[in-house]
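Asks: As input, take start_25.tsv (TSV, C-alpha atoms and all ligand atoms):
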chain	number	residue	atom	x	y	z
A	1	MET	CA	-6.14	-24.39	-8.09
A	2	HIS	CA	-4.31	-23.27	-11.20
A	3	LEU	CA	-0.98	-24.84	-11.96
A	4	GLU	CA	0.65	-21.44	-11.84
A	5	SER	CA	-0.62	-20.59	-8.39
A	6	GLU	CA	0.33	-24.07	-7.14
A	7	GLN	CA	3.83	-23.35	-8.31
A	8	ASP	CA	3.78	-20.01	-6.49
A	9	VAL	CA	2.82	-21.73	-3.25
A	10	ILE	CA	5.75	-24.14	-3.57
A	11	LEU	CA	8.21	-21.42	-4.56
A	12	SER	CA	7.11	-19.15	-1.70
A	13	GLU	CA	7.67	-21.94	0.81
A	14	LEU	CA	11.03	-22.77	-0.77
A	15	ALA	CA	12.10	-19.12	-0.56
A	16	ALA	CA	10.92	-18.70	3.03
A	17	LYS	CA	12.71	-21.80	4.26
A	18	TYR	CA	15.77	-22.30	2.08
A	19	LEU	CA	17.24	-18.99	0.89
A	20	PRO	CA	20.07	-18.89	3.49
A	21	LYS	CA	20.93	-22.51	2.69
A	22	LEU	CA	20.84	-21.88	-1.06
A	23	LEU	CA	23.21	-18.94	-0.66
A	24	GLU	CA	25.54	-21.11	1.40
A	25	THR	CA	25.51	-23.78	-1.30
A	26	TYR	CA	26.00	-21.17	-4.03
A	27	LYS	CA	29.11	-19.89	-2.22
A	28	LYS	CA	30.64	-23.38	-2.07
A	29	ARG	CA	30.63	-23.67	-5.86
A	30	ASP	CA	32.94	-21.59	-7.98
A	31	TYR	CA	30.91	-21.93	-11.15
A	32	PRO	CA	27.96	-19.52	-11.56
A	33	PHE	CA	25.68	-22.08	-13.24
A	34	ASN	CA	24.66	-24.33	-10.38
A	35	THR	CA	21.52	-25.74	-8.82
A	36	ALA	CA	21.50	-23.21	-5.99
A	37	ALA	CA	21.57	-20.32	-8.48
A	38	THR	CA	18.82	-21.95	-10.57
A	39	LEU	CA	16.59	-22.34	-7.53
A	40	MET	CA	17.27	-18.81	-6.29
A	41	ASN	CA	16.50	-17.52	-9.78
A	42	MET	CA	13.07	-19.18	-9.57
A	43	VAL	CA	12.09	-17.25	-6.43
A	44	THR	CA	13.31	-13.73	-7.26
A	45	HIS	CA	9.71	-12.55	-7.80
A	46	THR	CA	8.65	-13.48	-4.26
A	47	PRO	CA	8.61	-10.95	-1.40
A	48	TYR	CA	10.79	-13.42	0.54
A	49	PHE	CA	13.61	-12.85	-1.91
A	50	ILE	CA	13.32	-9.07	-1.53
A	51	ARG	CA	13.41	-9.45	2.24
A	52	PHE	CA	16.46	-11.69	1.97
A	53	CYS	CA	18.25	-9.20	-0.29
A	54	GLN	CA	17.70	-6.46	2.28
A	55	GLN	CA	19.70	-8.39	4.86
A	56	PRO	CA	23.50	-8.16	5.12
A	57	GLU	CA	24.10	-11.68	3.73
A	58	GLY	CA	21.62	-11.45	0.87
A	59	GLU	CA	22.70	-7.96	-0.08
A	60	LYS	CA	26.07	-9.34	-1.16
A	61	LEU	CA	24.50	-11.50	-3.86
A	62	ALA	CA	24.57	-8.91	-6.67
A	63	ALA	CA	28.30	-8.26	-6.13
A	64	LEU	CA	29.01	-11.96	-5.67
A	65	HIS	CA	27.25	-13.08	-8.85
A	66	THR	CA	28.74	-10.26	-10.93
A	67	HIS	CA	32.21	-11.10	-9.61
A	68	ARG	CA	31.76	-14.76	-10.40
A	69	LEU	CA	30.65	-14.07	-13.97
A	70	ALA	CA	33.36	-11.45	-14.44
A	71	THR	CA	36.25	-13.61	-13.30
A	72	GLN	CA	35.56	-16.85	-15.13
A	73	GLY	CA	36.85	-15.91	-18.56
A	74	PHE	CA	33.67	-17.19	-20.17
A	75	HIS	CA	34.11	-15.37	-23.46
A	76	ARG	CA	36.43	-18.19	-24.52
A	77	ASP	CA	34.01	-21.00	-23.74
A	78	HIS	CA	31.05	-22.22	-25.68
A	79	LEU	CA	28.32	-22.45	-23.14
A	80	ASN	CA	24.83	-23.83	-23.07
A	81	GLU	CA	22.63	-20.97	-24.26
A	82	ASP	CA	19.91	-21.67	-21.69
A	83	ASN	CA	22.47	-21.44	-18.90
A	84	VAL	CA	23.68	-18.11	-20.23
A	85	GLY	CA	20.11	-16.78	-20.48
A	86	GLU	CA	19.28	-18.02	-17.02
A	87	THR	CA	22.38	-16.65	-15.33
A	88	CYS	CA	21.82	-13.24	-16.95
A	89	GLN	CA	18.18	-13.30	-15.89
A	90	PHE	CA	19.36	-13.95	-12.33
A	91	LEU	CA	21.94	-11.16	-12.49
A	92	SER	CA	19.40	-8.74	-13.92
A	93	SER	CA	16.92	-9.52	-11.12
A	94	LEU	CA	19.68	-9.04	-8.53
A	95	LEU	CA	20.59	-5.69	-10.04
A	96	VAL	CA	16.93	-4.60	-9.91
A	97	THR	CA	16.35	-5.86	-6.37
A	98	ILE	CA	19.66	-4.87	-4.79
A	99	GLY	CA	20.88	-2.19	-7.20
A	100	SER	CA	24.25	-2.05	-8.88
A	101	THR	CA	25.93	0.23	-6.31
A	102	THR	CA	27.12	-2.75	-4.25
A	103	VAL	CA	28.88	-4.20	-7.29
A	104	ASP	CA	32.64	-3.68	-7.65
A	105	GLN	CA	33.39	-1.27	-10.49
A	106	LYS	CA	36.25	-3.51	-11.68
A	107	ASP	CA	33.88	-6.47	-11.98
A	108	LYS	CA	31.39	-4.37	-13.95
A	109	GLU	CA	34.11	-3.34	-16.37
A	110	ALA	CA	35.43	-6.88	-16.67
A	111	LEU	CA	32.01	-8.41	-17.27
A	112	LEU	CA	30.75	-6.00	-19.92
A	113	PRO	CA	33.04	-7.27	-22.73
A	114	THR	CA	32.00	-10.86	-21.95
A	115	LEU	CA	28.33	-9.89	-22.09
A	116	LYS	CA	28.86	-8.12	-25.41
A	117	GLU	CA	30.61	-11.23	-26.72
A	118	TRP	CA	27.65	-13.34	-25.55
A	119	ARG	CA	25.20	-10.98	-27.22
A	120	LYS	CA	26.86	-11.72	-30.55
A	121	ARG	CA	27.07	-15.43	-29.95
A	122	TYR	CA	23.72	-16.35	-28.37
A	123	ARG	CA	20.85	-15.23	-30.58
A	124	GLY	CA	17.83	-16.98	-29.04
A	125	GLU	CA	15.04	-14.72	-27.74
A	126	PHE	CA	15.51	-15.51	-24.05
A	127	ALA	CA	19.31	-15.22	-23.92
A	128	LYS	CA	19.37	-12.15	-26.16
A	129	GLU	CA	16.86	-10.36	-23.97
A	130	THR	CA	18.48	-11.14	-20.60
A	131	ILE	CA	22.04	-10.45	-21.82
A	132	GLY	CA	20.89	-7.09	-23.24
A	133	ARG	CA	19.20	-6.20	-19.98
A	134	CYS	CA	22.39	-6.90	-17.98
A	135	ILE	CA	24.43	-4.76	-20.37
A	136	ASP	CA	21.97	-1.88	-19.93
A	137	GLN	CA	21.89	-2.23	-16.18
A	138	LEU	CA	25.65	-2.46	-15.77
A	139	SER	CA	26.39	0.39	-18.12
A	140	HIS	CA	23.44	2.54	-16.96
A	141	LYS	CA	22.28	3.17	-20.48
A	142	GLY	CA	18.96	2.57	-22.16
A	143	ALA	CA	20.97	0.97	-24.93
A	144	SER	CA	18.59	-1.76	-26.03
A	145	GLY	CA	15.86	0.66	-26.95
A	146	LEU	CA	13.42	3.19	-25.58
A	147	GLY	CA	11.75	0.72	-23.27
A	148	MET	CA	14.60	-0.01	-20.93
A	149	MET	CA	14.64	3.31	-19.10
A	150	PHE	CA	10.98	2.77	-18.23
A	151	LEU	CA	11.03	-0.97	-17.87
A	152	GLU	CA	13.38	-1.08	-14.96
A	153	PRO	CA	11.38	1.15	-12.59
A	154	MET	CA	8.27	-0.75	-13.68
A	155	MET	CA	9.84	-4.09	-12.86
A	156	LYS	CA	10.97	-2.65	-9.58
A	157	ALA	CA	7.48	-1.36	-8.83
A	158	GLN	CA	6.07	-4.79	-9.60
A	159	LEU	CA	8.57	-6.37	-7.24
A	160	GLU	CA	7.76	-3.82	-4.57
A	161	LYS	CA	3.99	-4.32	-4.59
A	162	GLY	CA	3.27	-5.57	-1.08
A	163	VAL	CA	6.72	-4.50	0.08
A	164	GLU	CA	6.73	-0.72	-0.23
A	165	ILE	CA	3.19	-0.39	-1.51
A	166	CYS	CA	0.10	-1.81	0.23
A	167	LYS	CA	-0.49	-5.29	-1.16
A	168	SER	CA	-4.25	-4.87	-1.39
A	169	ALA	CA	-5.13	-5.12	-5.08
A	170	LYS	CA	-6.65	-1.70	-5.66
A	171	CYS	CA	-4.62	0.25	-3.11
A	172	SER	CA	-1.58	2.33	-4.04
A	173	VAL	CA	-0.74	3.69	-0.59
A	174	SER	CA	3.00	3.52	0.08
A	175	ALA	CA	5.19	4.11	3.11
A	176	LYS	CA	6.41	7.25	1.37
A	177	SER	CA	2.93	8.60	0.72
A	178	ILE	CA	1.84	8.26	4.37
A	179	GLY	CA	5.22	9.20	5.88
A	180	HIS	CA	5.62	6.08	8.01
A	181	GLU	CA	6.16	2.33	7.60
A	182	LEU	CA	3.27	0.16	6.44
A	183	MET	CA	2.13	-2.61	8.79
A	184	GLN	CA	3.58	-5.97	7.94
A	185	CYS	CA	2.06	-9.42	8.06
A	186	SER	CA	3.26	-10.85	11.38
A	187	ARG	CA	3.74	-14.36	10.01
A	188	CYS	CA	5.75	-13.94	6.81
A	189	LYS	CA	7.16	-10.53	7.76
A	190	CYS	CA	7.26	-9.86	4.04
A	191	VAL	CA	4.08	-8.32	2.73
A	192	ARG	CA	2.77	-5.00	3.95
A	193	TYR	CA	-0.56	-3.21	4.15
A	194	CYS	CA	-1.70	0.35	4.81
A	195	CYS	CA	-4.42	-0.73	7.26
A	196	ILE	CA	-5.93	-3.75	9.00
A	197	GLU	CA	-9.00	-3.66	6.72
A	198	HIS	CA	-6.87	-4.11	3.61
A	199	GLN	CA	-4.90	-6.89	5.30
A	200	ARG	CA	-8.12	-8.72	6.25
A	201	ALA	CA	-9.54	-8.31	2.77
A	202	ASP	CA	-6.38	-9.74	1.21
A	203	TRP	CA	-5.97	-12.65	3.64
A	204	PRO	CA	-7.95	-15.26	1.61
A	205	GLU	CA	-5.54	-14.57	-1.25
A	206	HIS	CA	-2.36	-14.15	0.79
A	207	LYS	CA	-2.69	-17.04	3.23
A	208	ARG	CA	-1.60	-19.66	0.69
A	209	LEU	CA	1.68	-17.82	0.12
A	210	CYS	CA	2.31	-16.85	3.74
A	211	PHE	CA	5.16	-18.77	5.38
A	212	GLN	CA	7.37	-17.95	8.34
A	213	PRO	CA	10.83	-17.16	6.98
A	214	ASN	CA	13.89	-18.57	8.74
A	215	PHE	CA	15.92	-15.42	8.16
B	301	ZN	ZN	2.06	-13.17	5.44
B	302	ZN	ZN	-4.10	-0.33	1.39
Represent the structure contained in this file as C-alpha cells.
Ligand SMILES: [Zn+2]
Ligand SMILES: [Zn+2]
Replies:
Amino acid sequence: MHLESEQDVILSELAAKYLPKLLETYKKRDYPFNTAATLMNMVTHTPYFIRFCQQPEGEKLAALHTHRLATQGFHRDHLNEDNVGETCQFLSSLLVTIGSTTVDQKDKEALLPTLKEWRKRYRGEFAKETIGRCIDQLSHKGASGLGMMFLEPMMKAQLEKGVEICKSAKCSVSAKSIGHELMQCSRCKCVRYCCIEHQRADWPEHKRLCFQPNF
C-alpha cells in the first residue's frame, strides 16, 4: 500500500470517530492555532468532514473559526508563518464546505484587514496562497487572479465527488441529474452511488476508507 493511501485510511478513521470530540476540544481553547484545529484541517478532504459540516454542530465551524481569527487582534503579533498558512487553509476549506453565509458579517469585516496585513507580512508560498484564498472567499472577489472564480467551484466539485455525485470513478450521475437522492453506503453513510452496480464495482477501493461515523 502506498504511504499516501495508508495516510488516507488513518485520516478517514480519525474523521469518522473523532470529529465531534475534536470540535469540543477546539471550543475549549480560545486560540485558533491548536491541536484540534490542526487535526480537523487534516481531514477536510474526507467525506466524513462534509457529512459533519452538514450537521447543526459542524455547520457552526465556519462562523466559529472566522470569529476566533477576527477577534484576536493578530495583526499586532508576529506569528509562526506555518500556523498562519495552516489556519487560513482550514478557514478556506470551511468556507468552501459550509459556505460563507453562516459567517457573521461583522467578523468578515473585522478579519479582512488582518488577512491583508498577513499577506504583506508572510511571503512564503503556502501562507501567501492560503491567505489570498481567504481574502477572495470573504470578499467574494476573484482578486488573486483569473483562476479563483473557477477554482472554488472546482474544489467544491472535488469535495463533492461521492457526496453529490456518484463515487464510481467514471460516473458523473448526480442527485440533481436524476431528480432524487443517490443511494448511500450503509456503513459510512458518507459516500453515495447512482446504482448498486457502481457501488459493488467501487467496493474494493472504498472498503479501506469505510468506517461507521459516530455522528
Ligand atoms: Zn462506506
Ligand atoms: Zn454511478
Asks: Measuring between only C-alpha atoms and all ligand atoms, which one of A:Leu39, A:His140, A:Tyr48, A:Glu57 shows the shortest distance to ligand ZN 301 (chain B)?
Replies: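 Using only C-alpha atoms and all ligand atoms, ligand ZN 301 (chain B) sits closest to A:Tyr48.
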Asks: Excluding Thr101 in chain A and its own-chain neighbours fewer than 4 positions away, which residues fall within 9 Å of it when counting all atoms listed in the file? Please give them as a list in words.
Replies: Ala63, Leu95 and Gln105 of chain A
Asks: Check which residues fall inside 8 Å of ligand ZN 301 (chain B) when counting all atoms listed in the file, and print them as a ChimeraX atom specification.
Replies: /A:184-191,206-207,209-212
Asks: Do you know which residues are within 9 Å of ligand ZN 302 (chain B) using all atoms listed in the file? Can you write them as an MDAnalysis selection string?
Replies: chainID A and resid 165:174 182 192:199
Asks: Excluding His78 in chain A and any residue of its chain fewer than 2 positions from it, enumerate the residues within 10 Å of it, using all atoms listed in the file, and give them as a list in words.
Replies: Phe74, His75, Arg76, Asn80, Glu81, Trp118, Arg121 and Tyr122 of chain A
Asks: Determine the nearest neighbour of Lys17 in chain A from the options A:Ala175, A:Ala201, A:Cys88, A:Met40, counting all atoms listed in the file.
Replies: A:Met40
Asks: Determine the nearest neighbour of Ala16 in chain A from the options A:Ala127, A:Ile50, A:Ile135, A:Ala36, counting only C-alpha atoms.
Replies: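 Closest candidate: A:Ile50.
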Asks: Skipping near chain neighbours, those fewer than 5 positions away, what residues fall within 10 Å of Leu94 in chain A using all atoms listed in the file, listed as a ChimeraX atom specification?
Replies: /A:41,44,49-50,53,58-63,65-66,88-89,99-100
Asks: For a test of reading the model, state the distance in Å between CA of Ser139 in chain A and CA of Leu112 in chain A, rounded to one decimal.
Replies: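 Those two atoms sit 7.9 Å apart.
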Asks: Find the residue from A:Glu125, A:Asn34, A:Pro113, A:Asp202 that sits nearest to Leu138 in chain A; use only C-alpha atoms when measuring.
Replies: A:Pro113
Asks: What gap, in Å, lies between CA of Pro32 in chain A and CA of Glu117 in chain A?
Replies: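 That distance, rounded to one decimal, is 17.5 Å.
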Asks: Given only C-alpha atoms as the basis, pick out the residue of A:Lys108, A:Ile178, A:Glu4, A:Asp82 nearest to Arg123 in chain A.
Replies: A:Asp82
Asks: Determine the nearest neighbour of Leu91 in chain A from the options A:Asn214, A:Thr25, A:Gln54, A:Thr38, counting all atoms listed in the file.
Replies: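 Of all the options, A:Thr38 lies closest to Leu91 in chain A.
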Asks: N, CA and C atoms are what I want for range 183-215 of chain A; can you complete it accordingly and write them as a short mmCIF file (atom, residue, chain, number, x, y, z; two decimals), in the frame of the given file?
Replies:
data_model
loop_
_atom_site.label_atom_id
_atom_site.label_comp_id
_atom_site.auth_asym_id
_atom_site.auth_seq_id
_atom_site.Cartn_x
_atom_site.Cartn_y
_atom_site.Cartn_z
N MET A 183 2.13 -1.47 7.85
CA MET A 183 2.13 -2.61 8.79
C MET A 183 2.44 -3.89 8.03
N GLN A 184 3.21 -4.76 8.68
CA GLN A 184 3.58 -5.97 7.94
C GLN A 184 2.88 -7.20 8.51
N CYS A 185 2.67 -8.16 7.65
CA CYS A 185 2.06 -9.42 8.06
C CYS A 185 2.98 -10.06 9.11
N SER A 186 2.41 -10.42 10.26
CA SER A 186 3.26 -10.85 11.38
C SER A 186 3.83 -12.24 11.15
N ARG A 187 3.24 -13.00 10.23
CA ARG A 187 3.74 -14.36 10.01
C ARG A 187 4.90 -14.40 9.02
N CYS A 188 4.68 -13.86 7.83
CA CYS A 188 5.75 -13.94 6.81
C CYS A 188 6.73 -12.77 6.91
N LYS A 189 6.32 -11.72 7.62
CA LYS A 189 7.16 -10.53 7.76
C LYS A 189 7.66 -10.03 6.41
N CYS A 190 6.86 -10.24 5.40
CA CYS A 190 7.26 -9.86 4.04
C CYS A 190 6.31 -8.87 3.40
N VAL A 191 5.02 -9.19 3.43
CA VAL A 191 4.08 -8.32 2.73
C VAL A 191 3.52 -7.28 3.69
N ARG A 192 3.19 -6.12 3.12
CA ARG A 192 2.77 -5.00 3.95
C ARG A 192 1.45 -4.40 3.48
N TYR A 193 0.75 -3.81 4.41
CA TYR A 193 -0.56 -3.21 4.15
C TYR A 193 -0.64 -1.84 4.81
N CYS A 194 -1.54 -0.99 4.24
CA CYS A 194 -1.70 0.35 4.81
C CYS A 194 -2.60 0.32 6.04
N CYS A 195 -3.48 -0.68 6.13
CA CYS A 195 -4.42 -0.73 7.26
C CYS A 195 -4.91 -2.16 7.47
N ILE A 196 -5.48 -2.40 8.63
CA ILE A 196 -5.93 -3.75 9.00
C ILE A 196 -7.06 -4.22 8.07
N GLU A 197 -7.89 -3.28 7.61
CA GLU A 197 -9.00 -3.66 6.72
C GLU A 197 -8.47 -4.25 5.41
N HIS A 198 -7.44 -3.61 4.87
CA HIS A 198 -6.87 -4.11 3.61
C HIS A 198 -6.16 -5.45 3.83
N GLN A 199 -5.54 -5.61 5.00
CA GLN A 199 -4.90 -6.89 5.30
C GLN A 199 -5.95 -8.00 5.39
N ARG A 200 -7.05 -7.73 6.11
CA ARG A 200 -8.12 -8.72 6.25
C ARG A 200 -8.71 -9.08 4.90
N ALA A 201 -8.93 -8.07 4.08
CA ALA A 201 -9.54 -8.31 2.77
C ALA A 201 -8.63 -9.16 1.88
N ASP A 202 -7.33 -9.02 2.06
CA ASP A 202 -6.38 -9.74 1.21
C ASP A 202 -6.04 -11.13 1.75
N TRP A 203 -6.41 -11.41 2.99
CA TRP A 203 -5.97 -12.65 3.64
C TRP A 203 -6.35 -13.94 2.86
N PRO A 204 -7.61 -14.04 2.36
CA PRO A 204 -7.95 -15.26 1.61
C PRO A 204 -6.98 -15.53 0.46
N GLU A 205 -6.49 -14.46 -0.14
CA GLU A 205 -5.54 -14.57 -1.25
C GLU A 205 -4.13 -14.85 -0.72
N HIS A 206 -3.76 -14.11 0.31
CA HIS A 206 -2.36 -14.15 0.79
C HIS A 206 -2.04 -15.41 1.59
N LYS A 207 -3.01 -15.98 2.26
CA LYS A 207 -2.69 -17.04 3.23
C LYS A 207 -1.97 -18.23 2.61
N ARG A 208 -2.25 -18.51 1.34
CA ARG A 208 -1.60 -19.66 0.69
C ARG A 208 -0.10 -19.43 0.50
N LEU A 209 0.28 -18.15 0.41
CA LEU A 209 1.68 -17.82 0.12
C LEU A 209 2.42 -17.33 1.37
N CYS A 210 1.73 -17.42 2.51
CA CYS A 210 2.31 -16.85 3.74
C CYS A 210 3.03 -17.92 4.54
N PHE A 211 4.34 -17.81 4.61
CA PHE A 211 5.16 -18.77 5.38
C PHE A 211 6.09 -17.99 6.30
N GLN A 212 6.43 -18.61 7.42
CA GLN A 212 7.37 -17.95 8.34
C GLN A 212 8.80 -18.12 7.81
N PRO A 213 9.47 -17.01 7.51
CA PRO A 213 10.83 -17.16 6.98
C PRO A 213 11.84 -17.50 8.08
N ASN A 214 12.87 -18.21 7.74
CA ASN A 214 13.89 -18.57 8.74
C ASN A 214 15.11 -17.63 8.64
N PHE A 215 14.84 -16.40 8.19
CA PHE A 215 15.92 -15.42 8.16
C PHE A 215 15.36 -14.05 8.50
#
